[in-house]
Every structure is written in structure tokens, then in C-alpha cells.
Amino acid sequence: MNIWNRYKKKMQRNKKKDQDASNENENSIDKNLSVNINKLKQDLGDSSDLVIRHFEMGGEPLVEIAAVYMSGLVDEKNVNEFVSGALNVEASIEKRAQEYRGVNSFDFIKAHAHSVEKVTVVSEWDKLLLAVLSGYTVILVDGYEEAISGDTQGGETRGVTEPSTQLVIRGPKVAFTESLGTNISLVRRYLKSPDLRFETMQVGSISKTDVAVMYMKGIASEKVLREIKKRLTKIEVEDIIDSGYIEQYIQDASFTLFPTIYNSERPDAIVGNLMEGRIAIIVDGTPFVLVAPALFIQFFHTPSDYYQNFVISSFLRLLRVISFTISLLTPSLYIALTTFHPQMIPTPLLISFAAQQEGVPFPLFMEVLIMEFTFEIIREAGLRMPRAVGQAVSIVGGLVLGQAAVQAGIVSATTIIVVALTGIASFAFPSYNMGVAPRILRFSLMIIAGSFGLYGVLMALFILIAHMSSLRSFGTPYLSPFAPFIWSDIKDSIIRQPLWSMITRPRLISQQNVQRQEKGQKPAPPDAVDSNSNKEKGD
Amino acid sequence: MKQRILFIGLFSALILLAGCWDQNELEDIALVMGMGIDKTEDGLYDVSFQIVNPAQVSGGEMSQTSKGTAVTTYRETGQTLFETIRKISKEVPRKLNFSHMVVLIIGESLAEDDGLFEVMDFTERFYGFRSTAIVLISKGGPAQPILSILNPMEKIPAMKIQEASKKTAEVWGETTDQNINDVIQTLTTKSGGVSLSGIALLGDMQEGQNSSINEQAVPSTYIKLSGLAILQNGKLKGWLEDTEARGVSWVKNKIRKTVVTSTCEEEEDEGMIAVEVRNANTKLKPTINEGKRKITVNIKSEGTLQEVTCPLDLTDPQVIIDLNKQLAKVIEEEVSTTVKTVQEQETDILGFGEAMNQRYPKEWKKMKEEWPTTFSEMDVEINVDFFIRGTGLRTKPLILEKK
């Protein structure tokens, strides 16, 4: 223990020393422009996409100026505008000379540099480097220890397209892109409210990824917001490539198959969640936006549930929950019932099972396990295959493995039906990362069913539910509104009530500004409304 | 840490202390659908098992490929019933599974000589049985041949017997559809009378065992539910036939639907009417008046006319009222013959004792010892009300058009 502590202390001291040294030597901009340029070249490894444009300005003496940017990250048009604006090239030489007189060159440039957004004065070297690497253009003036940077970000990005993972029949057909700015604007367009706030921070010591925390002020819970920000600032990694990184660093429990943070690439889904008091985390470079706190039942909702008739929405939600259960339990129940409890299967069905099982060389458990495993292989292969080969996979997977295996008498047709049903059911609920849970648990349940029968399956389910109710997502019980049971939140859980009857926001998400709409908005035919208002008048 | 150890301990107890379960692959079990119990002349049990050949029964590609019988009946003898179940492994290559057994047939001679008590003890004690199997008595012979007869429509003969028994109880009312549980319960009541449906084999047994029987449009050999066995103290005492058997259902309030026919009243033409009884309710009312025991059977029933071959004007309310009385009389006669026959047998299968017990518990304690004789000497009054609720889809009988 002592040795370890001493070692740690020593390391810390060394680290501090290094930092101090670097601060003294490197973290300032030199007065000499060519020194700065050389340093920049050296720091960036003389990278070929680093562009340095030299200018001269003023009368006597001429001032040397350099504009620095990375060619792939900027919009060339913006750079030109920024630089020419800053140097005021369009004005006549006389006028420029006139204006220039009496003012120093740095202040002159600063005063004219307003053709792009976010023009700032940079005085530290690492900030300058970061600006250049983020697609800013930095103007360095000889003889000054400061530089001027302007946002000229651009370069190739993907346009706004239809969502590829969460398709809906009816509803907006927009998805987030990889650009943080675009994503924020997509949300802003839905909520024209000054209460829509976002706070940006940089995560990743090398990647310096922009991460925006978005919320509705006055609706979102301050406590959860603080907690999210705390967890985000705690992250100390080198790079953040996708929001999946953030999710893994800030989620409540790591050793669980159930996702405790929701993600979506649909702006309308994020807006809906923001209005319920949840908090969104947008990460630059990925179209998948995180939402917390997330509940179990939330992963069975789709945005289009709110756009169509509430009866069909409720039915579909029920269907998704049932298909979750099917995909989790069917193979294990099949094994348990046929090999342990044949008395629980209706006689004609059992006879049919028995007839198919006749001559199959494997024990039923092995048979199901092999087929389930095969299905997972086909699924994974289909996902990674180039699109052109995809058809071959489905033919080989579907026809050859399925039909031929039955005809050859290696597996029984019932097993194929069970595996197919399980497979189809696992695609029926909208969230891919919720699909992970039944996919893995299915196998363990099968093993339990094969060794302990229905009793074992029930035991496993018991443990599973205990585990799920122990989960929290930023303090919110994962199984709410069922455990703890909250009657008022059942309206938007496994069912969806009509929109006009959903008066309050989910109770455990945020206690602020609970009522979201006025009561009594149930639509009625005009006659009824008229007679009502007449009555009121009469009274 | 302590909690975790406690949890693991308790949890392993949950797994290790669980009740009976066992894993068996489907191809390792033989599904017994029906079981027949007879006794040989040496006093050994002669047990036959009807076992399904799944591949022959199930639909799909498999059944068409091979020809064979849907069931096979195996037979084994032994001093005890359980012994035969295990001994049969010499013949049957699989483990017998009784969880889907639907009928238990008890040979007539076994029921007559030994009674049901010994057999029923085993059916309840043995863990493999399901108490929902219906119990029948083979009529006019042992149980074994009945289980060995093949059947065209319902491929598994035992299922045929079960379905026939259910359907008859539903639309005709002659059978009682009693399962192992019911039989044990009625056996243990003091009045002691049990009625069980009978099943008989008609035709040649050898022919019925061959699968070619299924290729005949008119089967030469078949099994049929027939009659009602009367058992006193578990022993077979006699049989009730046809409408006599239905009379029992009338008294026991077991009629769900049945058909009552009657000739036309005071008409020269020989016509008949048939009504379907749709609703019947029977109440037993025991009375003790100055030591004289009496049971009043009140039957209220209603139904619809389904067939009329008499020249009757059905639009006339008076005709319907007359018909009501006439049909009530038919039912009354049916019930009273049954009651008389049963009283002659000195066996209370009608539940009179139970009714007496409920109404006069104190007196019952005194009379239960000599109940069979009391029962046979008792006064029974039968009141029947019948109402025709509809005349079918036609009002005027077609026979009136003939003239």
C-alpha cells in the first residue's frame, strides 16, 4: 500500500512539473511571426493540409501578417471573406492608409474582422492550435503576442437525410447528422422557445469532442442536469468517437444487458423527450443523440405512437412488449415444456411434436441451441455483408439451412418454427440496444431450461426482474411506472391514452412544471359545444 | 458479504429442494392414451395400454410416408398394477407416460367380483396419472379388446371414447362423463352408489384390430358407449339401458341438452313430435313426515320443437299448452321408470342420500347405516314442468299441406 501511494505521489509530482514546464515554454505566442509559423509547422508535423498565407500590410514599416488554417476543415469561401474583410482589401489604398494611420495593425484587423462568426482574440498557444484544428482561421500579426481567430468551419459533411434505423410510417422524415451545429438547429426548429438551453463542453483530451447538454429550462430536473454535467466532466479519455463512448462512461450500471440511456437519431423523438423533462446529450460527430433518464418501457415506444390513433398505438406497444417476451422466452419454454413437462402441452400438439422429434438425432436442447446459434450467425453475417451478397445470405440461411435441415431429418420443423418466431419477434421492438438483452439472455435461459425445466426458467425470470428493478437511470427507477407503480404514468407506458387526456408529465422524470396542457380538450362535435356554451350563457 | 452468502444459500436451497421433475426426451417416452384393467382367472391383473404412434397420427409430411396403426395396445399381467407398468418395459422400448391418458376402462368381471376400491387407490396414489381421465366399465366383456379396436374418424380410439362421452353428455344426456376424481369422491360418500357409463364392442375383434378397418365405409367392428353401470360399494350390480340411463341424468340435474319424443295426442295418424330440451333444472326436496321419508323431484325444463309429423296447428296457444303437458308426462314416465329400477337394485346413484344429509343432517346419521333398504322403500314424487319456447323455423307443419 505504502509503496503504491508513494509511487502515485511521485507520478503526480512529475506530471505537475511537466505541465509547468510546458506552460512556461510553449503556451504563449511569440512576438516574432516567423518563430510562430515555424513552431506551428513543427507542432503539426509539417502537415500538408496546413495552409499558411502571407500578407503584408500598412505603409512604413510593412507589417507581416499570416492567415493559418487547415485546408480540409474550412469553408474556403468563408476564409477568403474573413481574411479580406479583416485586412479591408476592398477599400482603396488611400483610404486604408488613412484609416491605418494612428492605429496599430492588430487593433485595425480586429476592428475589421467581423465577416464571420465567433471572432476572438487568442493569446495562448494551445488554444491557437485547437482553433486551427477545429477549422478556424487564425490571423497572426508580426510583433504581437496575440492572434485573431474566426469560425470558418466547413468542409465535407453529410446532408440531412431520412433516418436509417428508426423508420416511421407517419411523422417527420428527418434524422440527425454528424454535425453538432446542424443537430442543434434541427431541435431548435421544433421548439421556438427561449427555455431550450444547451451547454457545450469538450470531452476527450486529444479529440476535444464537442458535447452539448440540451434541456428545457423550467421543465427538466435541475438535479438530474447537475448529475449529468458532473458525470460528463468526470470523463477523462483521449477520444470520443461516438455517443456510445459517452453512454458507457456515464451510465448508472455497467454490468447489465439493459440500456439505461435512450438514444435516437430522430429529432422529433428528442423533442418529445425534452418536453417530458428529460435531458439530451448531443455529441459532435454522431447522429445518435442520448437521452436520460431512460425507463424500460421507453424502449418500446416510437415517435409515431403519438402521431396516430391511440388505439392502434396502444395495441402496437402491447405487441412490442409481447414480442420482447416471445423473443426472450420461446426457446426456453419450448425446451422446458417438451422435455420436462409434456403434461402441460395439449395432447394433439404433443403428439405432433413427438412425431417430428422421431428420428431426429440430437436431444431437443442441443437441437434448439444449434439452431439459435445458427440464426445468430446468419443475422450477424447479413449485417456485415456487402449489399450485393445479402441475397445469397438469405437464400443460404433461409432455404438451405432451414428447409434442408428439416428434410434431412437433422432438426425438427417445430424447432425451426420456434427459432424463426424468436428471430422475427426480436426485430419487432423499435430499439436495437434493447434487443441485446433478450438475445443474450435467451441462451442462458435455454441452458437453465435444459437443466432445470420450467422451474429453472421461473427462477431465472425472478432474478431477472429483481435485477431490473434494482436498476436506476440517473436516479429514476428503471421499471417505473410499474415498479414503483404510478397510476398517473400508466397513460403513456404500455398503452397510450388520447393526447388530450395526458395532462401531466411523467412524475419521476421531473417534478418541475408538472402540468403540460389544459384539461377538457376532448374534441366534440360543434353542436355539443354550442349547446354547452349556450347553456353557460343562459345560466 | 453476509447477505450475499445468505442469498446464495437460500437460492441453492430453492433449486435443490424443488419437487419432482425429470427430463425425458420426447422420443424416449410412450404416450399412454387409454388403460384397461381386467383380471385373469389366476387372480392376476391383466392390464392393457393403448400407446400412440405419433408419426401415424400427426398431420404433415410424415404421416403419409409410412403405413401403420395409429395406436398399439400392449398387455402385461402382474399381481399389482404398478408392477405391470414397470414390467411392460420388456415389450415397450420407451418409458410409459400417463399424463395424457384420457380413459380408464375397467373390465366388467373385475368390477363385478372385486370392485373398484383397489383399482382406484392406485389411480390416485400413482404420481403419473392425471385425475381427469374418464372412467368407464366395459360392457359384455373384458376391457382389453375395447382398447385394441381401431377407429377411422378420430385416429386415437381413446380420444374417440372421450369425445363421444363428452358429446353424448352434451347433446343426449345419457352418459355421465365421470373422471377418476369424481369416482373416488362418490365412492367415499356413505350412500355409496356410483354410476358409470358403459362401453361395448360390436363386431369381430380380430377385424377391428387390423388397420384395414379404416378402409371400410361401414365399419364392421366398432366400439360404442352403451348403458349405465350401477355400482354399490364399488361393485357392479346391474345396468341401466338407454332412456333409463338418461333418467339418472334428469334426476341428478346433469341434462344440458337432450331430445324428448312423443306421439301425438289422440290423433288417428301416427305422427311424432321431437323437442330439443335446452334448459333443464332439477331440484330434490326431501321431507320426513311422521317418520315417513319422501323425496320430491321437481324438474323444470324448456325446449324448442324441432320435428313435427302430426297435423297440429302450432299457432294455437292451446295446442302448445297441451303439448307442454304431454311432454312433461313423457319425461315423468322416463324418470319414474329409472327411479323404480334403481330402487329395485337398492343402490342410491341418484344422490337422494346426499340431499337427505343436507336437509336433515341429524336424522341422516341414524338412517345412513341402513340407507340402501330405506332408499328402496322410499316414496318418490316426480313433478315435471315443460315449456315449449319455440317452434323452430317453420310454424305450420308440412304434413297439413298433404291433405
# chains A, B, ... in the order shown; residues from 1 in each chain; ligands from 1
$ residues_around --residues "Val122 (chain A)" --least-positions-apart "2" --cutoff "10 Å" --atoms "only C-alpha atoms" --output "list in words"
Ser28, Ile29, Val119, Thr120, Glu124, Trp125, Asp126, Lys127, Leu128, Leu129, Ala131, Val138, Ile139, Leu140, Glu145, Glu146, Ala147, Ile148 and Ser149 of chain A
$ write_last_selection --atoms "N, CA and C atoms" --output "mmCIF file, in the first residue's frame"
data_model
loop_
_atom_site.group_PDB
_atom_site.id
_atom_site.type_symbol
_atom_site.label_atom_id
_atom_site.label_comp_id
_atom_site.auth_asym_id
_atom_site.auth_seq_id
_atom_site.Cartn_x
_atom_site.Cartn_y
_atom_site.Cartn_z
ATOM 1 N N SER A 28 2.646 30.153 -25.007
ATOM 2 C CA SER A 28 2.470 31.568 -25.317
ATOM 3 C C SER A 28 2.841 31.790 -26.771
ATOM 4 N N ILE A 29 2.307 32.870 -27.296
ATOM 5 C CA ILE A 29 2.571 33.178 -28.699
ATOM 6 C C ILE A 29 3.757 34.142 -28.739
ATOM 7 N N VAL A 119 -15.528 35.666 -33.711
ATOM 8 C CA VAL A 119 -14.175 36.187 -33.842
ATOM 9 C C VAL A 119 -13.640 36.466 -32.446
ATOM 10 N N THR A 120 -12.542 35.854 -32.116
ATOM 11 C CA THR A 120 -11.999 36.050 -30.774
ATOM 12 C C THR A 120 -10.492 36.287 -30.840
ATOM 13 N N GLU A 124 -3.196 32.211 -25.971
ATOM 14 C CA GLU A 124 -2.431 31.036 -25.565
ATOM 15 C C GLU A 124 -2.178 30.138 -26.762
ATOM 16 N N TRP A 125 -1.048 29.504 -26.709
ATOM 17 C CA TRP A 125 -0.641 28.686 -27.861
ATOM 18 C C TRP A 125 -1.534 27.479 -28.065
ATOM 19 N N ASP A 126 -1.916 26.791 -26.979
ATOM 20 C CA ASP A 126 -2.722 25.576 -27.192
ATOM 21 C C ASP A 126 -4.132 25.907 -27.675
ATOM 22 N N LYS A 127 -4.605 27.092 -27.298
ATOM 23 C CA LYS A 127 -5.924 27.486 -27.806
ATOM 24 C C LYS A 127 -5.837 27.784 -29.296
ATOM 25 N N LEU A 128 -4.718 28.377 -29.670
ATOM 26 C CA LEU A 128 -4.499 28.661 -31.075
ATOM 27 C C LEU A 128 -4.478 27.363 -31.883
ATOM 28 N N LEU A 129 -3.743 26.396 -31.342
ATOM 29 C CA LEU A 129 -3.663 25.102 -32.020
ATOM 30 C C LEU A 129 -5.044 24.461 -32.155
ATOM 31 N N ALA A 131 -7.925 25.959 -32.152
ATOM 32 C CA ALA A 131 -8.730 26.703 -33.106
ATOM 33 C C ALA A 131 -8.403 26.264 -34.529
ATOM 34 N N VAL A 138 -6.858 31.464 -38.264
ATOM 35 C CA VAL A 138 -6.196 32.298 -37.271
ATOM 36 C C VAL A 138 -5.281 33.286 -38.002
ATOM 37 N N ILE A 139 -5.449 34.537 -37.631
ATOM 38 C CA ILE A 139 -4.601 35.558 -38.250
ATOM 39 C C ILE A 139 -3.536 35.973 -37.230
ATOM 40 N N LEU A 140 -2.283 35.785 -37.625
ATOM 41 C CA LEU A 140 -1.174 36.143 -36.751
ATOM 42 C C LEU A 140 -0.527 37.417 -37.295
ATOM 43 N N GLU A 145 1.740 39.415 -29.442
ATOM 44 C CA GLU A 145 1.681 38.116 -28.765
ATOM 45 C C GLU A 145 0.272 37.536 -28.761
ATOM 46 N N GLU A 146 -0.555 38.098 -29.586
ATOM 47 C CA GLU A 146 -1.932 37.602 -29.661
ATOM 48 C C GLU A 146 -2.286 37.286 -31.112
ATOM 49 N N ALA A 147 -3.367 36.548 -31.295
ATOM 50 C CA ALA A 147 -3.823 36.225 -32.651
ATOM 51 C C ALA A 147 -5.339 36.368 -32.707
ATOM 52 N N ILE A 148 -5.853 36.487 -33.909
ATOM 53 C CA ILE A 148 -7.294 36.631 -34.060
ATOM 54 C C ILE A 148 -7.820 35.384 -34.771
ATOM 55 N N SER A 149 -8.818 34.789 -34.182
ATOM 56 C CA SER A 149 -9.359 33.581 -34.825
ATOM 57 C C SER A 149 -10.816 33.812 -35.194
#
$ interface_residues --of "chain A" --to "chain B" --cutoff "12 Å" --atoms "only C-alpha atoms" --output "ChimeraX atom specification"
/A:334-367,406-407,409,412-414,448-460,462-463
$ select_by_dssp --residues "region 164-360 of chain A" --states "helix (DSSP H, G or I)" --output "ChimeraX atom specification"
/A:180-190,222-234,243-250,267-275,296-300,303-306,310-339,342-344,347-357
$ closest_residue --among "A:Pro331, A:Gly159, A:Gly475, A:Pro194" --to "Gly218 (chain A)" --atoms "only C-alpha atoms"
A:Pro194
$ select_by_dssp --residues "region 490-529 of chain A" --states "strand (DSSP E or B)" --output "PyMOL selection string"
chain A and resi 492+496+504+515
$ residues_around --residues "Ser262 (chain B)" --least-positions-apart "2" --cutoff "8 Å" --atoms "only C-alpha atoms" --output "list in words"
Val260, Cys264, Met272, Ile273, Ala274, Gln326, Leu327 and Val330 of chain B
$ write_last_selection --atoms "C-alpha atoms" --output "PDB file, in the first residue's frame"
ATOM      1  CA  VAL B 260     -87.589 -35.897 -25.985  1.00  0.00           C
ATOM      2  CA  CYS B 264     -99.363 -37.071 -30.966  1.00  0.00           C
ATOM      3  CA  MET B 272     -94.443 -37.886 -33.713  1.00  0.00           C
ATOM      4  CA  ILE B 273     -93.037 -34.719 -32.273  1.00  0.00           C
ATOM      5  CA  ALA B 274     -89.467 -34.178 -31.147  1.00  0.00           C
ATOM      6  CA  GLN B 326     -97.895 -34.209 -22.829  1.00  0.00           C
ATOM      7  CA  LEU B 327     -94.131 -33.821 -22.956  1.00  0.00           C
ATOM      8  CA  VAL B 330     -93.228 -38.371 -21.110  1.00  0.00           C
TER       9      VAL B 330
END
$ residues_around --residues "Met275 (chain A)" --least-positions-apart "3" --cutoff "12 Å" --atoms "only C-alpha atoms" --output "ChimeraX atom specification"
/A:187,190-191,193,195-196,214-221,268-272,278-280,291,504-506,509-510,512-517
$ residues_around --residues "Pro157 (chain B)" --least-positions-apart "4" --cutoff "10 Å" --atoms "only C-alpha atoms" --output "list in words"
Met33, Gly34, Gln50, Val52, Ala70, Val71, Val103, Ile146, Leu147, Ser148, Ile149, Leu150, Asn151, Pro152, Met153, Ile161, Gln162, Glu163, Tyr222 and Ile223 of chain B
$ atom_distance --atom1 "CA of Glu290 (chain B)" --atom2 "CA of Gln232 (chain B)"
28.8 Å
$ residues_around --residues "region 135-138 of chain B" --least-positions-apart "2" --cutoff "8 Å" --atoms "only C-alpha atoms" --output "VMD selection string"
chain B and resid 103 to 108 111 133 140 to 143 146 177 to 180 183 196 to 200 229
$ write_last_selection --atoms "N, CA and C atoms" --output "PDB file, in the first residue's frame"
ATOM      1  N   VAL B 103     -58.777 -42.149 -20.988  1.00  0.00           N
ATOM      2  CA  VAL B 103     -59.797 -43.086 -20.488  1.00  0.00           C
ATOM      3  C   VAL B 103     -59.175 -44.207 -19.672  1.00  0.00           C
ATOM      4  N   LEU B 104     -59.927 -44.614 -18.672  1.00  0.00           N
ATOM      5  CA  LEU B 104     -59.554 -45.768 -17.875  1.00  0.00           C
ATOM      6  C   LEU B 104     -60.751 -46.710 -17.944  1.00  0.00           C
ATOM      7  N   ILE B 105     -60.546 -47.879 -18.552  1.00  0.00           N
ATOM      8  CA  ILE B 105     -61.655 -48.817 -18.711  1.00  0.00           C
ATOM      9  C   ILE B 105     -61.462 -49.976 -17.744  1.00  0.00           C
ATOM     10  N   ILE B 106     -62.514 -50.255 -17.001  1.00  0.00           N
ATOM     11  CA  ILE B 106     -62.425 -51.338 -16.027  1.00  0.00           C
ATOM     12  C   ILE B 106     -63.287 -52.495 -16.514  1.00  0.00           C
ATOM     13  N   GLY B 107     -62.676 -53.645 -16.548  1.00  0.00           N
ATOM     14  CA  GLY B 107     -63.376 -54.826 -17.057  1.00  0.00           C
ATOM     15  C   GLY B 107     -64.628 -55.144 -16.242  1.00  0.00           C
ATOM     16  N   GLU B 108     -65.645 -55.658 -16.936  1.00  0.00           N
ATOM     17  CA  GLU B 108     -66.934 -55.912 -16.293  1.00  0.00           C
ATOM     18  C   GLU B 108     -66.785 -56.915 -15.149  1.00  0.00           C
ATOM     19  N   ALA B 111     -65.097 -55.487 -12.136  1.00  0.00           N
ATOM     20  CA  ALA B 111     -65.993 -54.602 -11.395  1.00  0.00           C
ATOM     21  C   ALA B 111     -67.012 -55.409 -10.608  1.00  0.00           C
ATOM     22  N   ALA B 133     -58.837 -38.302 -16.319  1.00  0.00           N
ATOM     23  CA  ALA B 133     -59.207 -39.388 -17.222  1.00  0.00           C
ATOM     24  C   ALA B 133     -60.597 -39.901 -16.849  1.00  0.00           C
ATOM     25  N   GLY B 140     -70.250 -56.352 -21.291  1.00  0.00           N
ATOM     26  CA  GLY B 140     -70.330 -57.604 -22.041  1.00  0.00           C
ATOM     27  C   GLY B 140     -68.986 -58.213 -22.371  1.00  0.00           C
ATOM     28  N   GLY B 141     -67.934 -57.881 -21.617  1.00  0.00           N
ATOM     29  CA  GLY B 141     -66.644 -58.495 -21.901  1.00  0.00           C
ATOM     30  C   GLY B 141     -65.529 -57.756 -21.203  1.00  0.00           C
ATOM     31  N   PRO B 142     -64.282 -58.199 -21.369  1.00  0.00           N
ATOM     32  CA  PRO B 142     -63.161 -57.516 -20.722  1.00  0.00           C
ATOM     33  C   PRO B 142     -62.821 -56.190 -21.404  1.00  0.00           C
ATOM     34  N   ALA B 143     -61.954 -55.441 -20.766  1.00  0.00           N
ATOM     35  CA  ALA B 143     -61.605 -54.107 -21.258  1.00  0.00           C
ATOM     36  C   ALA B 143     -60.596 -54.183 -22.384  1.00  0.00           C
ATOM     37  N   ILE B 146     -61.602 -53.768 -26.118  1.00  0.00           N
ATOM     38  CA  ILE B 146     -62.143 -52.449 -26.439  1.00  0.00           C
ATOM     39  C   ILE B 146     -61.021 -51.480 -26.766  1.00  0.00           C
ATOM     40  N   ASP B 177     -69.964 -39.022 -17.886  1.00  0.00           N
ATOM     41  CA  ASP B 177     -68.689 -38.335 -18.059  1.00  0.00           C
ATOM     42  C   ASP B 177     -67.978 -38.128 -16.721  1.00  0.00           C
ATOM     43  N   GLN B 178     -67.753 -39.214 -15.993  1.00  0.00           N
ATOM     44  CA  GLN B 178     -67.124 -39.099 -14.671  1.00  0.00           C
ATOM     45  C   GLN B 178     -65.635 -39.418 -14.749  1.00  0.00           C
ATOM     46  N   ASN B 179     -64.817 -38.563 -14.160  1.00  0.00           N
ATOM     47  CA  ASN B 179     -63.387 -38.830 -14.181  1.00  0.00           C
ATOM     48  C   ASN B 179     -62.941 -39.471 -12.865  1.00  0.00           C
ATOM     49  N   ILE B 180     -61.654 -39.803 -12.812  1.00  0.00           N
ATOM     50  CA  ILE B 180     -61.118 -40.538 -11.661  1.00  0.00           C
ATOM     51  C   ILE B 180     -61.459 -39.835 -10.344  1.00  0.00           C
ATOM     52  N   VAL B 183     -65.128 -40.246  -9.380  1.00  0.00           N
ATOM     53  CA  VAL B 183     -65.422 -41.611  -8.945  1.00  0.00           C
ATOM     54  C   VAL B 183     -64.958 -41.801  -7.504  1.00  0.00           C
ATOM     55  N   LEU B 196     -71.545 -45.410 -13.658  1.00  0.00           N
ATOM     56  CA  LEU B 196     -70.503 -45.177 -14.646  1.00  0.00           C
ATOM     57  C   LEU B 196     -71.009 -45.597 -16.013  1.00  0.00           C
ATOM     58  N   SER B 197     -70.578 -44.848 -17.016  1.00  0.00           N
ATOM     59  CA  SER B 197     -71.009 -45.209 -18.366  1.00  0.00           C
ATOM     60  C   SER B 197     -70.360 -46.515 -18.783  1.00  0.00           C
ATOM     61  N   GLY B 198     -71.071 -47.231 -19.626  1.00  0.00           N
ATOM     62  CA  GLY B 198     -70.528 -48.486 -20.121  1.00  0.00           C
ATOM     63  C   GLY B 198     -70.050 -48.320 -21.547  1.00  0.00           C
ATOM     64  N   ILE B 199     -69.142 -49.191 -21.939  1.00  0.00           N
ATOM     65  CA  ILE B 199     -68.681 -49.154 -23.323  1.00  0.00           C
ATOM     66  C   ILE B 199     -68.643 -50.576 -23.854  1.00  0.00           C
ATOM     67  N   ALA B 200     -69.154 -50.758 -25.079  1.00  0.00           N
ATOM     68  CA  ALA B 200     -69.278 -52.116 -25.598  1.00  0.00           C
ATOM     69  C   ALA B 200     -68.613 -52.231 -26.953  1.00  0.00           C
ATOM     70  N   ALA B 229     -73.656 -48.274 -15.802  1.00  0.00           N
ATOM     71  CA  ALA B 229     -73.426 -49.310 -14.796  1.00  0.00           C
ATOM     72  C   ALA B 229     -73.786 -48.774 -13.415  1.00  0.00           C
TER      73      ALA B 229
END
$ residues_around --residues "Met57 (chain A)" --least-positions-apart "6" --cutoff "9 Å" --atoms "only C-alpha atoms" --output "PyMOL selection string"
chain A and resi 63-65+87+105
$ write_last_selection --atoms "N, CA and C atoms" --output "compact mmCIF listing (two decimals), in the first residue's frame"
# COMPACT_ATOMS: atom_id res chain seq x y z
N VAL A 63 3.83 45.59 -42.20
CA VAL A 63 3.63 44.60 -41.13
C VAL A 63 3.37 43.24 -41.79
N GLU A 64 4.07 42.28 -41.31
CA GLU A 64 3.85 40.93 -41.87
C GLU A 64 2.67 40.27 -41.18
N ILE A 65 1.82 39.68 -41.95
CA ILE A 65 0.61 39.02 -41.41
C ILE A 65 0.52 37.63 -42.02
N LEU A 87 -8.48 42.41 -43.43
CA LEU A 87 -7.42 43.28 -43.94
C LEU A 87 -7.99 44.46 -44.72
N SER A 105 -1.65 47.90 -36.06
CA SER A 105 -2.18 46.98 -37.07
C SER A 105 -3.08 45.90 -36.46
$ closest_residue --among "A:Arg387, A:Arg320, A:Arg189, A:Lys223" --to "Phe300 (chain A)" --atoms "only C-alpha atoms"
A:Arg320
$ closest_residue --among "A:Val396, A:Ile109, A:Val132, A:Val411" --to "Asp43 (chain A)" --atoms "only C-alpha atoms"
A:Val132
$ closest_residue --among "A:Val400, A:Leu62, A:Val141, A:Ile52" --to "Asn32 (chain A)" --atoms "only C-alpha atoms"
A:Val141
$ atom_distance --atom1 "CA of Asp46 (chain B)" --atom2 "CA of Gly208 (chain B)"
20.4 Å
